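The file coords36.csv contains CSV, C-alpha atoms:
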chain,number,residue,atom,x,y,z
A,68,MET,CA,-78.6,26.0,-29.9
A,69,LYS,CA,-78.5,22.8,-27.8
A,70,PHE,CA,-77.7,23.7,-24.2
A,71,SER,CA,-77.3,22.1,-20.8
A,72,LEU,CA,-78.2,23.6,-17.4
A,73,ILE,CA,-76.1,22.8,-14.4
A,74,ILE,CA,-77.4,23.6,-10.9
A,75,CYS,CA,-75.1,23.0,-8.0
A,76,THR,CA,-77.0,22.7,-4.8
A,77,TYR,CA,-76.4,22.2,-1.1
A,78,MET,CA,-79.2,21.7,1.5
A,79,ARG,CA,-81.7,23.9,-0.2
A,80,PRO,CA,-84.5,21.6,-1.4
A,81,LYS,CA,-87.3,24.3,-1.3
A,82,ALA,CA,-85.3,27.0,-3.0
A,83,LEU,CA,-84.2,24.5,-5.7
A,84,LEU,CA,-87.8,23.5,-6.4
A,85,ASN,CA,-88.8,27.2,-6.8
A,86,LEU,CA,-86.0,27.5,-9.4
A,87,LEU,CA,-87.0,24.4,-11.3
A,88,ASN,CA,-90.6,25.5,-11.4
A,89,SER,CA,-89.4,28.7,-13.1
A,90,VAL,CA,-87.3,26.7,-15.5
A,91,ASN,CA,-90.4,24.7,-16.4
A,92,LYS,CA,-92.1,27.9,-17.6
A,93,GLN,CA,-89.3,28.9,-19.9
A,94,THR,CA,-90.0,29.8,-23.6
A,95,LEU,CA,-86.7,28.0,-24.3
A,96,TYR,CA,-86.2,24.8,-22.3
A,97,PRO,CA,-82.8,23.1,-21.6
A,98,ASN,CA,-81.9,20.0,-23.5
A,99,GLU,CA,-80.7,18.6,-20.2
A,100,ILE,CA,-80.8,19.7,-16.5
A,101,LEU,CA,-78.0,18.4,-14.3
A,102,ILE,CA,-78.6,18.7,-10.6
A,103,ILE,CA,-75.3,18.3,-8.7
A,104,ASP,CA,-76.3,17.8,-5.1
A,105,GLY,CA,-73.7,18.1,-2.3
A,106,SER,CA,-76.2,17.8,0.5
A,107,THR,CA,-75.4,15.6,3.5
A,108,ASN,CA,-79.0,14.3,3.6
A,109,SER,CA,-81.5,12.9,1.1
A,110,GLU,CA,-84.2,15.6,1.3
A,111,THR,CA,-83.3,17.2,-2.0
A,112,GLU,CA,-83.3,13.8,-3.8
A,113,GLN,CA,-86.7,12.8,-2.3
A,114,ASN,CA,-88.1,16.2,-3.2
A,115,LEU,CA,-87.1,15.7,-6.9
A,116,LYS,CA,-88.6,12.3,-7.0
A,117,GLN,CA,-91.9,13.7,-5.9
A,118,HIS,CA,-91.7,16.6,-8.4
A,119,PRO,CA,-90.2,15.2,-11.7
A,120,PHE,CA,-89.0,17.6,-14.4
A,121,LYS,CA,-88.3,17.0,-18.1
A,122,ASN,CA,-84.7,16.2,-19.1
A,123,LEU,CA,-83.6,16.3,-15.4
A,124,VAL,CA,-80.7,14.1,-14.3
A,125,TYR,CA,-79.8,14.0,-10.6
A,126,HIS,CA,-76.3,13.4,-9.3
A,127,LYS,CA,-75.5,13.1,-5.6
A,128,VAL,CA,-71.8,13.7,-4.9
A,129,ASP,CA,-69.6,12.7,-1.9
A,130,ASP,CA,-67.0,14.6,0.0
A,131,GLU,CA,-64.5,14.3,-2.9
A,132,HIS,CA,-66.6,16.4,-5.1
A,133,ARG,CA,-68.5,18.6,-2.6
A,134,GLY,CA,-68.1,22.4,-2.8
A,135,LEU,CA,-69.1,24.8,-5.5
A,136,THR,CA,-66.2,24.6,-7.9
A,137,LYS,CA,-65.8,20.9,-7.5
A,138,GLN,CA,-69.5,20.4,-8.1
A,139,ARG,CA,-69.4,22.6,-11.2
A,140,ASN,CA,-66.4,20.6,-12.6
A,141,TYR,CA,-68.2,17.4,-11.8
A,142,GLY,CA,-71.3,18.6,-13.7
A,143,ILE,CA,-69.2,19.6,-16.7
A,144,SER,CA,-67.9,16.1,-16.9
A,145,LYS,CA,-71.4,14.8,-17.1
A,146,VAL,CA,-72.7,17.1,-19.8
A,147,HIS,CA,-73.9,15.5,-23.1
A,148,GLN,CA,-71.3,15.7,-25.8
A,149,ASN,CA,-73.8,17.3,-28.3
A,150,SER,CA,-74.4,20.3,-26.0
A,151,GLU,CA,-73.2,23.6,-27.5
A,152,ALA,CA,-73.4,25.7,-24.4
A,153,ILE,CA,-73.6,25.2,-20.6
A,154,CYS,CA,-75.6,27.4,-18.3
A,155,PHE,CA,-75.1,27.7,-14.6
A,156,LEU,CA,-77.6,28.9,-12.0
A,157,ASP,CA,-77.5,29.3,-8.3
A,158,ASP,CA,-80.1,27.2,-6.6
A,159,ASP,CA,-81.8,30.3,-4.9
A,160,THR,CA,-82.7,32.1,-8.2
A,161,VAL,CA,-86.0,32.3,-10.0
A,162,LEU,CA,-86.1,33.1,-13.7
A,163,ASN,CA,-88.1,35.4,-15.9
A,164,VAL,CA,-90.0,33.4,-18.6
A,165,ASN,CA,-87.6,34.5,-21.4
A,166,TYR,CA,-84.4,34.1,-19.5
A,167,PHE,CA,-82.8,31.4,-21.6
A,168,LYS,CA,-84.2,32.8,-24.9
A,169,GLN,CA,-82.6,36.2,-24.2
A,170,LEU,CA,-79.4,34.7,-22.8
A,171,LEU,CA,-78.6,32.4,-25.7
A,172,SER,CA,-79.7,34.8,-28.4
A,173,THR,CA,-76.6,36.8,-27.4
A,174,TYR,CA,-74.4,34.1,-29.0
A,175,ASP,CA,-76.3,34.7,-32.3
A,176,GLN,CA,-75.7,38.4,-32.1
A,177,TYR,CA,-72.0,38.0,-31.0
A,178,PRO,CA,-70.7,34.8,-32.5
A,179,ASN,CA,-67.3,35.5,-31.0
A,180,ALA,CA,-68.6,35.4,-27.4
A,181,LEU,CA,-67.2,32.7,-25.2
A,182,GLY,CA,-69.5,33.4,-22.3
A,183,VAL,CA,-72.6,35.4,-21.5
A,184,GLY,CA,-73.9,36.4,-18.1
A,185,GLY,CA,-77.5,37.1,-17.0
A,186,TYR,CA,-78.9,39.9,-15.0
A,187,ILE,CA,-80.3,40.0,-11.5
A,188,SER,CA,-83.3,42.4,-11.4
A,189,ASN,CA,-84.5,42.4,-7.8
A,190,GLU,CA,-81.5,43.7,-5.9
A,191,VAL,CA,-81.1,47.3,-7.0
A,192,HIS,CA,-83.6,50.0,-7.8
A,193,TRP,CA,-82.7,51.9,-11.0
A,194,GLN,CA,-84.4,54.9,-12.6
A,195,LYS,CA,-83.9,56.8,-15.8
A,196,ALA,CA,-81.5,59.6,-15.3
A,197,ASP,CA,-83.3,62.9,-14.9
A,198,GLY,CA,-80.4,65.2,-15.9
A,199,SER,CA,-79.5,66.2,-12.3
A,200,ILE,CA,-76.1,65.5,-10.7
A,201,ASN,CA,-76.0,64.1,-7.2
A,202,SER,CA,-73.0,62.7,-5.4
A,203,LYS,CA,-75.2,60.2,-3.7
A,204,ARG,CA,-76.2,58.7,-7.1
A,205,PHE,CA,-74.3,56.5,-9.6
A,206,TYR,CA,-75.0,57.3,-13.3
A,207,TYR,CA,-74.5,54.9,-16.2
A,208,ASP,CA,-75.8,54.8,-19.7
A,209,GLY,CA,-78.7,57.1,-19.1
A,210,TRP,CA,-79.7,55.4,-15.9
A,211,MET,CA,-79.1,56.2,-12.2
A,212,ARG,CA,-79.2,54.3,-8.9
A,213,ASN,CA,-78.1,55.0,-5.3
A,214,GLU,CA,-74.3,55.1,-4.8
A,215,PRO,CA,-73.4,52.9,-1.8
A,216,LEU,CA,-71.7,54.7,1.1
A,217,ARG,CA,-68.6,52.6,0.7
A,218,PHE,CA,-68.1,53.9,-2.9
A,219,ARG,CA,-68.7,57.5,-1.9
A,220,ILE,CA,-66.2,57.3,0.9
A,221,ARG,CA,-63.7,55.6,-1.4
A,222,HIS,CA,-64.0,58.5,-3.8
A,223,TRP,CA,-63.3,61.0,-1.0
A,224,PHE,CA,-59.9,59.3,-0.5
A,225,GLY,CA,-59.2,59.0,-4.3
A,226,LEU,CA,-59.8,55.2,-4.2
A,227,GLY,CA,-62.9,54.9,-6.4
A,228,PRO,CA,-63.0,52.5,-9.3
A,229,ASP,CA,-61.5,53.9,-12.6
A,230,THR,CA,-63.1,51.3,-14.9
A,231,PRO,CA,-66.6,50.5,-16.1
A,232,PRO,CA,-68.7,47.9,-14.2
A,233,CYS,CA,-67.5,44.3,-14.5
A,234,VAL,CA,-64.0,45.4,-15.6
A,235,LEU,CA,-61.3,44.9,-12.9
A,236,PRO,CA,-59.3,48.1,-12.0
A,237,SER,CA,-55.5,47.9,-11.7
A,238,PHE,CA,-56.0,47.8,-7.9
A,239,SER,CA,-59.1,45.5,-8.0
A,240,HIS,CA,-62.2,46.6,-6.0
A,241,GLY,CA,-64.3,47.3,-9.1
A,242,ARG,CA,-68.0,47.5,-9.6
A,243,SER,CA,-70.1,44.4,-10.1
A,244,VAL,CA,-73.0,43.6,-12.4
A,245,GLY,CA,-75.3,45.4,-10.0
A,246,PHE,CA,-73.9,48.7,-11.5
A,247,LEU,CA,-75.1,47.9,-15.0
A,248,PRO,CA,-78.6,49.2,-15.6
A,249,PRO,CA,-81.7,47.2,-16.7
A,250,SER,CA,-81.5,48.8,-20.1
A,251,GLY,CA,-82.0,45.6,-22.1
A,252,LYS,CA,-78.7,46.1,-23.7
A,253,ILE,CA,-75.7,43.8,-24.1
A,254,TYR,CA,-72.5,45.0,-22.5
A,255,PRO,CA,-68.9,43.7,-23.0
A,256,VAL,CA,-67.4,42.8,-19.7
A,257,GLU,CA,-64.4,41.0,-18.1
A,258,HIS,CA,-66.4,39.1,-15.5
A,259,PHE,CA,-69.9,38.2,-14.4
A,260,MET,CA,-71.6,36.2,-11.6
A,261,GLY,CA,-71.1,32.4,-11.8
A,262,GLY,CA,-74.6,31.7,-10.5
A,263,VAL,CA,-76.2,33.5,-13.6
A,264,SER,CA,-73.7,32.5,-16.3
A,265,SER,CA,-73.3,30.6,-19.5
A,266,TYR,CA,-70.3,29.5,-21.6
A,267,LYS,CA,-69.8,27.8,-24.9
A,268,MET,CA,-69.1,24.1,-24.6
A,269,SER,CA,-65.8,24.5,-26.4
A,270,VAL,CA,-64.5,26.5,-23.4
A,271,PHE,CA,-64.3,23.4,-21.3
A,272,LYS,CA,-62.1,21.4,-23.6
A,273,ASP,CA,-59.1,22.5,-21.5
A,274,LEU,CA,-60.5,24.9,-18.9
A,275,ARG,CA,-62.1,24.2,-15.5
A,276,PHE,CA,-63.1,26.1,-12.4
A,277,SER,CA,-60.2,26.4,-10.0
A,278,THR,CA,-60.4,24.2,-6.9
A,279,TYR,CA,-58.4,26.8,-5.0
A,280,PHE,CA,-61.8,28.3,-4.2
A,281,GLU,CA,-63.0,25.5,-1.9
A,282,GLY,CA,-66.4,25.2,-0.3
A,283,TYR,CA,-68.5,28.4,-0.7
A,284,GLY,CA,-66.1,29.5,-3.5
A,285,LEU,CA,-66.2,33.3,-3.1
A,286,TYR,CA,-64.9,35.0,-6.3
A,287,GLU,CA,-64.4,31.7,-8.1
A,288,ASP,CA,-66.5,33.2,-11.0
A,289,VAL,CA,-64.3,36.2,-11.3
A,290,ASP,CA,-61.2,34.0,-11.5
A,291,PHE,CA,-62.7,31.8,-14.2
A,292,CYS,CA,-63.9,34.8,-16.3
A,293,LEU,CA,-60.5,36.6,-16.0
A,294,ARG,CA,-58.7,33.5,-17.2
A,295,LEU,CA,-61.3,33.1,-20.1
A,296,THR,CA,-60.9,36.8,-21.2
A,297,LYS,CA,-57.3,35.9,-22.2
A,298,ARG,CA,-58.9,33.8,-24.9
A,299,GLY,CA,-61.9,35.7,-26.0
A,300,LEU,CA,-64.8,38.0,-25.2
A,301,LEU,CA,-67.5,38.0,-22.5
A,302,TYR,CA,-70.8,39.8,-22.4
A,303,ILE,CA,-73.7,40.5,-20.0
A,304,ASN,CA,-77.2,40.6,-21.5
A,305,THR,CA,-79.4,42.7,-19.2
A,306,ALA,CA,-82.5,41.5,-20.9
A,307,ALA,CA,-81.9,38.0,-19.6
A,308,GLN,CA,-83.3,38.7,-16.2
A,309,LEU,CA,-83.9,36.6,-13.0
A,310,ALA,CA,-84.4,37.2,-9.3
A,311,HIS,CA,-81.9,36.2,-6.6
A,312,TYR,CA,-83.2,35.5,-3.1
A,313,HIS,CA,-80.0,34.8,-1.1
A,314,GLU,CA,-81.1,31.7,0.7
A,315,PRO,CA,-79.2,31.7,4.1
A,316,PHE,CA,-78.6,28.0,4.3
A,317,GLY,CA,-75.2,26.8,3.1
A,318,ARG,CA,-73.3,30.1,3.6
A,319,PRO,CA,-70.1,30.3,5.6
A,320,ASN,CA,-69.8,31.9,9.0
A,321,LYS,CA,-68.7,35.6,8.9
A,322,TYR,CA,-65.1,34.9,10.1
A,323,LYS,CA,-64.5,32.5,7.2
A,324,TYR,CA,-66.3,34.9,4.8
A,325,GLY,CA,-64.2,37.9,5.9
A,326,LYS,CA,-61.0,35.9,5.5
A,327,MET,CA,-62.1,34.8,2.0
A,328,VAL,CA,-62.8,38.4,1.0
A,329,ILE,CA,-59.1,39.2,1.5
A,330,ARG,CA,-57.4,36.0,0.3
A,331,ASN,CA,-59.7,35.2,-2.6
A,332,GLY,CA,-59.8,38.9,-3.5
A,333,TRP,CA,-56.0,39.0,-3.6
A,334,TYR,CA,-56.0,35.8,-5.7
A,335,VAL,CA,-58.3,37.2,-8.5
A,336,TRP,CA,-56.5,40.5,-8.5
A,337,ARG,CA,-53.2,38.7,-9.2
A,338,VAL,CA,-54.8,36.6,-11.9
A,339,LYS,CA,-55.2,39.7,-14.0
A,340,TYR,CA,-52.3,41.7,-12.6
A,341,PRO,CA,-49.6,39.2,-11.6
A,342,LYS,CA,-46.9,41.9,-11.2
A,343,PRO,CA,-48.6,45.1,-9.8
A,344,ASN,CA,-46.4,48.1,-9.2
A,345,LEU,CA,-46.1,49.9,-5.8
A,346,LYS,CA,-49.0,52.3,-6.5
A,347,MET,CA,-51.4,49.4,-7.3
A,348,LYS,CA,-50.4,47.5,-4.2
A,349,LEU,CA,-50.8,50.6,-1.9
A,350,LYS,CA,-54.3,51.2,-3.4
A,351,TRP,CA,-55.3,47.6,-3.0
A,352,TYR,CA,-54.4,47.5,0.7
A,353,SER,CA,-55.7,51.0,1.3
A,354,VAL,CA,-59.2,50.1,0.0
A,355,HIS,CA,-59.3,47.0,2.2
A,356,LEU,CA,-58.2,48.9,5.3
A,357,LEU,CA,-60.8,51.6,4.6
A,358,LEU,CA,-63.6,48.9,4.2
A,359,ILE,CA,-62.5,47.2,7.4
A,360,SER,CA,-62.7,50.6,9.2
A,361,MET,CA,-66.2,51.1,7.8
A,362,ARG,CA,-67.2,47.5,8.8
A,363,LEU,CA,-66.0,48.4,12.4
A,364,LEU,CA,-68.8,50.9,12.6
A,365,ASN,CA,-71.4,48.2,11.9
A,366,ILE,CA,-70.6,46.7,15.3
A,367,PHE,CA,-72.4,49.7,16.8
A,368,THR,CA,-74.9,50.5,14.0
A,369,THR,CA,-76.5,47.1,13.1
A,370,ASN,CA,-78.5,44.5,15.1
A,371,ARG,CA,-75.9,41.9,14.3
A,372,PRO,CA,-72.8,43.2,16.0
A,373,LYS,CA,-71.3,39.7,16.5
A,374,GLU,CA,-71.4,39.0,12.8
A,375,ALA,CA,-69.7,42.3,12.0
A,376,PHE,CA,-67.0,41.6,14.6
A,377,ASN,CA,-66.3,38.1,13.2
A,378,ASP,CA,-66.2,39.5,9.7
A,379,ILE,CA,-63.6,42.1,10.8
A,380,ILE,CA,-61.4,39.5,12.5
A,381,GLY,CA,-61.5,37.3,9.4
A,382,ARG,CA,-60.5,40.2,7.2
A,383,LEU,CA,-57.6,41.2,9.6
A,384,VAL,CA,-56.4,37.6,9.8
A,385,GLY,CA,-56.6,37.4,6.0
A,386,CYS,CA,-54.5,40.6,5.5
A,387,TRP,CA,-51.9,39.3,8.0
A,388,SER,CA,-51.7,35.9,6.3
A,389,LEU,CA,-50.7,37.5,3.0
A,390,LEU,CA,-47.4,38.6,4.6
A,391,TYR,CA,-46.2,35.0,5.1
A,392,ASN,CA,-48.6,32.7,3.1
A,393,LYS,CA,-49.7,34.2,-0.2
A,394,PRO,CA,-52.0,32.0,-2.3
A,395,LEU,CA,-50.3,30.2,-5.2
A,396,ILE,CA,-51.8,31.3,-8.5
A,397,GLU,CA,-52.7,28.5,-10.8
A,398,ASP,CA,-51.7,28.7,-14.5

Step by step, read the file and then write its structure as structure tokens.
Amino acid sequence: MKFSLIICTYMRPKALLNLLNSVNKQTLYPNEILIIDGSTNSETEQNLKQHPFKNLVYHKVDDEHRGLTKQRNYGISKVHQNSEAICFLDDDTVLNVNYFKQLLSTYDQYPNALGVGGYISNEVHWQKADGSINSKRFYYDGWMRNEPLRFRIRHWFGLGPDTPPCVLPSFSHGRSVGFLPPSGKIYPVEHFMGGVSSYKMSVFKDLRFSTYFEGYGLYEDVDFCLRLTKRGLLYINTAAQLAHYHEPFGRPNKYKYGKMVIRNGWYVWRVKYPKPNLKMKLKWYSVHLLLISMRLLNIFTTNRPKEAFNDIIGRLVGCWSLLYNKPLIED
């Protein structure tokens, strides 16, 4: 299967080089690697000139195409026409040696798949379930992990997710891929992370990432996947593993992030449920108010109280803005 790799980057030359070194060790190597660089300096470009990689093509974009979704769409427009699949990776990831081999083998096992997501292995500690039942644990498919406090409190108020991981509940606020175990299995899903994703080339004949999600693009991957599931099936292959190191450079301030959590969260919820009933609406807002209340405690319990405060203000402003300025959902 001929495939292209698109890496959108911004001001992270060292992290990008770490990723490319792991790509270089792959048992299945990309037919082309497109670096879409939105950096405002030339450090990334100079770094790549000093460290050449096979099949790599570098593109520097200007303000018109800067931002995650814009850079992804720009990259798609530059992919070779013979490519059968496009893979996307965040620039602060590092791959296991069989990542691409495992990821793309999913399309052989499930020819109807339109997209396949990879699996981040370094963020959550999983264990095989031991038969015990503990409210502080989350159990799935014979495995267990710690249940985050926010989910435990949500369950106390009857606001816990009622769908499997990576399937959006009727009031949104579901579980992400971090709640799928490292079982090596392939799971059907509705959404996965854009920074560890792949899609068949045919998907992009008439579909692009939404430019509503400007800049950092929080939840832009969920939006794209939800629109794609209206056409076909998506999967996550937990054997296609990589590490994510959350490089701090290029991330928004906490006020902007908090506001995006609300407004972008509302947007993707309405993509799947354009006409929610009153119960769905009450649950959506109730979960957000509960999470804001919990975030308030972080002002006193963390060593970054200013960040917690700015995050809360951003979320409150985001909630208030929905009363008079709701996002316009793209078709």

Exercise for the section: Could you pull out every residue with an atom within 10 Å of (-63.6, 31.0, -12.0), file coordinates, counting all atoms listed in the file, and send them as a PyMOL selection string? Expected result: chain A and resi 136+258-261+274-280+284-295+335

Exercise for the section: Show which residues sit within 12 Å of Ser144 (chain A), as a list in words. Count all atoms listed in the file, and ignore same-chain residues fewer than 4 positions away. Expected result: Ser71, Ile73, Leu101, Ile103, His126, His132, Lys137, Gln138, Arg139, Asn140, Gln148, Ser150, Ile153, Met268, Phe271, Lys272, Asp273, Leu274, Arg275 and Phe276 of chain A

Problem - Among the residues A:Ser243, A:Gln117, A:Thr160, A:Thr111, the one that comes closest to Asn85 (chain A) [using all atoms listed in the file] - result: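 Distance minimum relative to Asn85 (chain A) lands on A:Thr160.
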
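CA of Asn365 (chain A) to CA of Pro236 (chain A) spans 26.8 Å [interatomic distance, one decimal].
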
Problem - Selected residue, from A:Tyr207, A:Tyr77, A:Phe70, A:Tyr141, that lies nearest to Glu112 (chain A) when counting all atoms listed in the file - result: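 When distances to Glu112 (chain A) are compared using all atoms listed in the file, the smallest one comes from A:Tyr77.
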
Exercise for the section: Might you pull out every residue within 10 Å of Tyr266 (chain A), with all atoms listed in the file counted and same-chain residues fewer than 4 positions away left off, and present them as a PyMOL selection string? Expected result: chain A and resi 70+151-155+171+174+180-184+270-271+292+295+301

Saved selection, atoms kept: C-alpha atoms, as a JSON list (two decimals), in the frame of the given file:
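part.json, freshly written:
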[["chain", "number", "residue", "atom", "x", "y", "z"],
["A", 70, "PHE", "CA", -77.70, 23.70, -24.20],
["A", 151, "GLU", "CA", -73.20, 23.60, -27.50],
["A", 152, "ALA", "CA", -73.40, 25.70, -24.40],
["A", 153, "ILE", "CA", -73.60, 25.20, -20.60],
["A", 154, "CYS", "CA", -75.60, 27.40, -18.30],
["A", 155, "PHE", "CA", -75.10, 27.70, -14.60],
["A", 171, "LEU", "CA", -78.60, 32.40, -25.70],
["A", 174, "TYR", "CA", -74.40, 34.10, -29.00],
["A", 180, "ALA", "CA", -68.60, 35.40, -27.40],
["A", 181, "LEU", "CA", -67.20, 32.70, -25.20],
["A", 182, "GLY", "CA", -69.50, 33.40, -22.30],
["A", 183, "VAL", "CA", -72.60, 35.40, -21.50],
["A", 184, "GLY", "CA", -73.90, 36.40, -18.10],
["A", 270, "VAL", "CA", -64.50, 26.50, -23.40],
["A", 271, "PHE", "CA", -64.30, 23.40, -21.30],
["A", 292, "CYS", "CA", -63.90, 34.80, -16.30],
["A", 295, "LEU", "CA", -61.30, 33.10, -20.10],
["A", 301, "LEU", "CA", -67.50, 38.00, -22.50]]

Fill in the blank from the handout: Between A:Lys342, A:Arg382, A:Lys168, A:His222, smallest distance to Lys69 (chain A) by all atoms listed in the file belongs to A:Lys168

Handout entry: Nearest to Ala375 (chain A) by atom-to-atom distance, counting all atoms listed in the file, from A:Gln194, A:Tyr322, A:Asn344, A:Leu389
Key =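 Ranked by minimum distance to Ala375 (chain A), first place goes to A:Tyr322.
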
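For the set A:Arg221, A:His118, A:Lys252, A:Lys81, the residue with the smallest atom-to-atom gap to Thr305 (chain A) is A:Lys252, counting all atoms listed in the file.
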
Exercise for the section: List the neighbours of Leu309 (chain A) out to 8 Å using only C-alpha atoms; skip same-chain residues closer than 4 positions along the sequence, and give me the result as an MDAnalysis selection string. Expected result: chainID A and resid 160:163 166 185:189

Exercise for the section: Tell me which protein, DNA and RNA residues are within 10 Å of region 106-109 of chain A, counting only C-alpha atoms, leaving out same-chain ones fewer than 3 positions away, and put them as a PyMOL selection string. Expected result: chain A and resi 76-80+103+112-114+127-130+133-134+317

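A straight line drawn from CA of Gly245 (chain A) to CA of Val191 (chain A) is 6.8 Å long.
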
Practice task
Just give me the gap between CA of Lys321 (chain A) and CA of Arg362 (chain A) in Å, one decimal is fine.
Solution key: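 So the two atoms, CA of Lys321 (chain A) and CA of Arg362 (chain A), lie 12.0 Å apart.
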
Quick one: region 270-288 of chain A with N, CA and C atoms, as a PDB file, in the coordinates of the input?
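New file part_4.pdb:
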ATOM      1  N   VAL A 270     -65.284  25.966 -24.485  1.00  0.00           N
ATOM      2  CA  VAL A 270     -64.500  26.500 -23.400  1.00  0.00           C
ATOM      3  C   VAL A 270     -63.893  25.458 -22.521  1.00  0.00           C
ATOM      4  N   PHE A 271     -64.677  24.396 -22.309  1.00  0.00           N
ATOM      5  CA  PHE A 271     -64.300  23.400 -21.300  1.00  0.00           C
ATOM      6  C   PHE A 271     -63.494  22.245 -21.824  1.00  0.00           C
ATOM      7  N   LYS A 272     -63.004  22.391 -23.043  1.00  0.00           N
ATOM      8  CA  LYS A 272     -62.100  21.400 -23.600  1.00  0.00           C
ATOM      9  C   LYS A 272     -60.822  21.305 -22.741  1.00  0.00           C
ATOM     10  N   ASP A 273     -60.347  22.462 -22.276  1.00  0.00           N
ATOM     11  CA  ASP A 273     -59.100  22.500 -21.500  1.00  0.00           C
ATOM     12  C   ASP A 273     -59.145  23.492 -20.358  1.00  0.00           C
ATOM     13  N   LEU A 274     -60.352  23.872 -19.922  1.00  0.00           N
ATOM     14  CA  LEU A 274     -60.500  24.900 -18.900  1.00  0.00           C
ATOM     15  C   LEU A 274     -61.508  24.404 -17.847  1.00  0.00           C
ATOM     16  N   ARG A 275     -61.194  24.553 -16.566  1.00  0.00           N
ATOM     17  CA  ARG A 275     -62.100  24.200 -15.500  1.00  0.00           C
ATOM     18  C   ARG A 275     -62.097  25.260 -14.414  1.00  0.00           C
ATOM     19  N   PHE A 276     -63.088  25.202 -13.526  1.00  0.00           N
ATOM     20  CA  PHE A 276     -63.100  26.100 -12.400  1.00  0.00           C
ATOM     21  C   PHE A 276     -62.019  25.689 -11.400  1.00  0.00           C
ATOM     22  N   SER A 277     -61.350  26.680 -10.832  1.00  0.00           N
ATOM     23  CA  SER A 277     -60.200  26.400 -10.000  1.00  0.00           C
ATOM     24  C   SER A 277     -60.659  25.852  -8.625  1.00  0.00           C
ATOM     25  N   THR A 278     -60.034  24.757  -8.210  1.00  0.00           N
ATOM     26  CA  THR A 278     -60.400  24.200  -6.900  1.00  0.00           C
ATOM     27  C   THR A 278     -59.667  24.892  -5.763  1.00  0.00           C
ATOM     28  N   TYR A 279     -58.909  25.959  -6.083  1.00  0.00           N
ATOM     29  CA  TYR A 279     -58.400  26.800  -5.000  1.00  0.00           C
ATOM     30  C   TYR A 279     -59.573  27.358  -4.186  1.00  0.00           C
ATOM     31  N   PHE A 280     -60.664  27.659  -4.872  1.00  0.00           N
ATOM     32  CA  PHE A 280     -61.800  28.300  -4.200  1.00  0.00           C
ATOM     33  C   PHE A 280     -62.704  27.135  -3.655  1.00  0.00           C
ATOM     34  N   GLU A 281     -62.344  26.656  -2.486  1.00  0.00           N
ATOM     35  CA  GLU A 281     -63.000  25.500  -1.900  1.00  0.00           C
ATOM     36  C   GLU A 281     -64.318  25.949  -1.202  1.00  0.00           C
ATOM     37  N   GLY A 282     -65.191  24.974  -1.000  1.00  0.00           N
ATOM     38  CA  GLY A 282     -66.400  25.200  -0.300  1.00  0.00           C
ATOM     39  C   GLY A 282     -67.318  26.241  -0.930  1.00  0.00           C
ATOM     40  N   TYR A 283     -67.562  27.344  -0.244  1.00  0.00           N
ATOM     41  CA  TYR A 283     -68.500  28.400  -0.700  1.00  0.00           C
ATOM     42  C   TYR A 283     -67.971  29.011  -2.022  1.00  0.00           C
ATOM     43  N   GLY A 284     -66.646  29.135  -2.186  1.00  0.00           N
ATOM     44  CA  GLY A 284     -66.100  29.500  -3.500  1.00  0.00           C
ATOM     45  C   GLY A 284     -66.200  31.007  -3.822  1.00  0.00           C
ATOM     46  N   LEU A 285     -66.057  31.895  -2.858  1.00  0.00           N
ATOM     47  CA  LEU A 285     -66.200  33.300  -3.100  1.00  0.00           C
ATOM     48  C   LEU A 285     -65.188  33.786  -4.195  1.00  0.00           C
ATOM     49  N   TYR A 286     -65.665  34.477  -5.225  1.00  0.00           N
ATOM     50  CA  TYR A 286     -64.900  35.000  -6.300  1.00  0.00           C
ATOM     51  C   TYR A 286     -64.405  33.989  -7.336  1.00  0.00           C
ATOM     52  N   GLU A 287     -64.859  32.753  -7.194  1.00  0.00           N
ATOM     53  CA  GLU A 287     -64.400  31.700  -8.100  1.00  0.00           C
ATOM     54  C   GLU A 287     -64.898  32.070  -9.547  1.00  0.00           C
ATOM     55  N   ASP A 288     -66.030  32.787  -9.666  1.00  0.00           N
ATOM     56  CA  ASP A 288     -66.500  33.200 -11.000  1.00  0.00           C
ATOM     57  C   ASP A 288     -65.674  34.247 -11.614  1.00  0.00           C
TER      58      ASP A 288
END
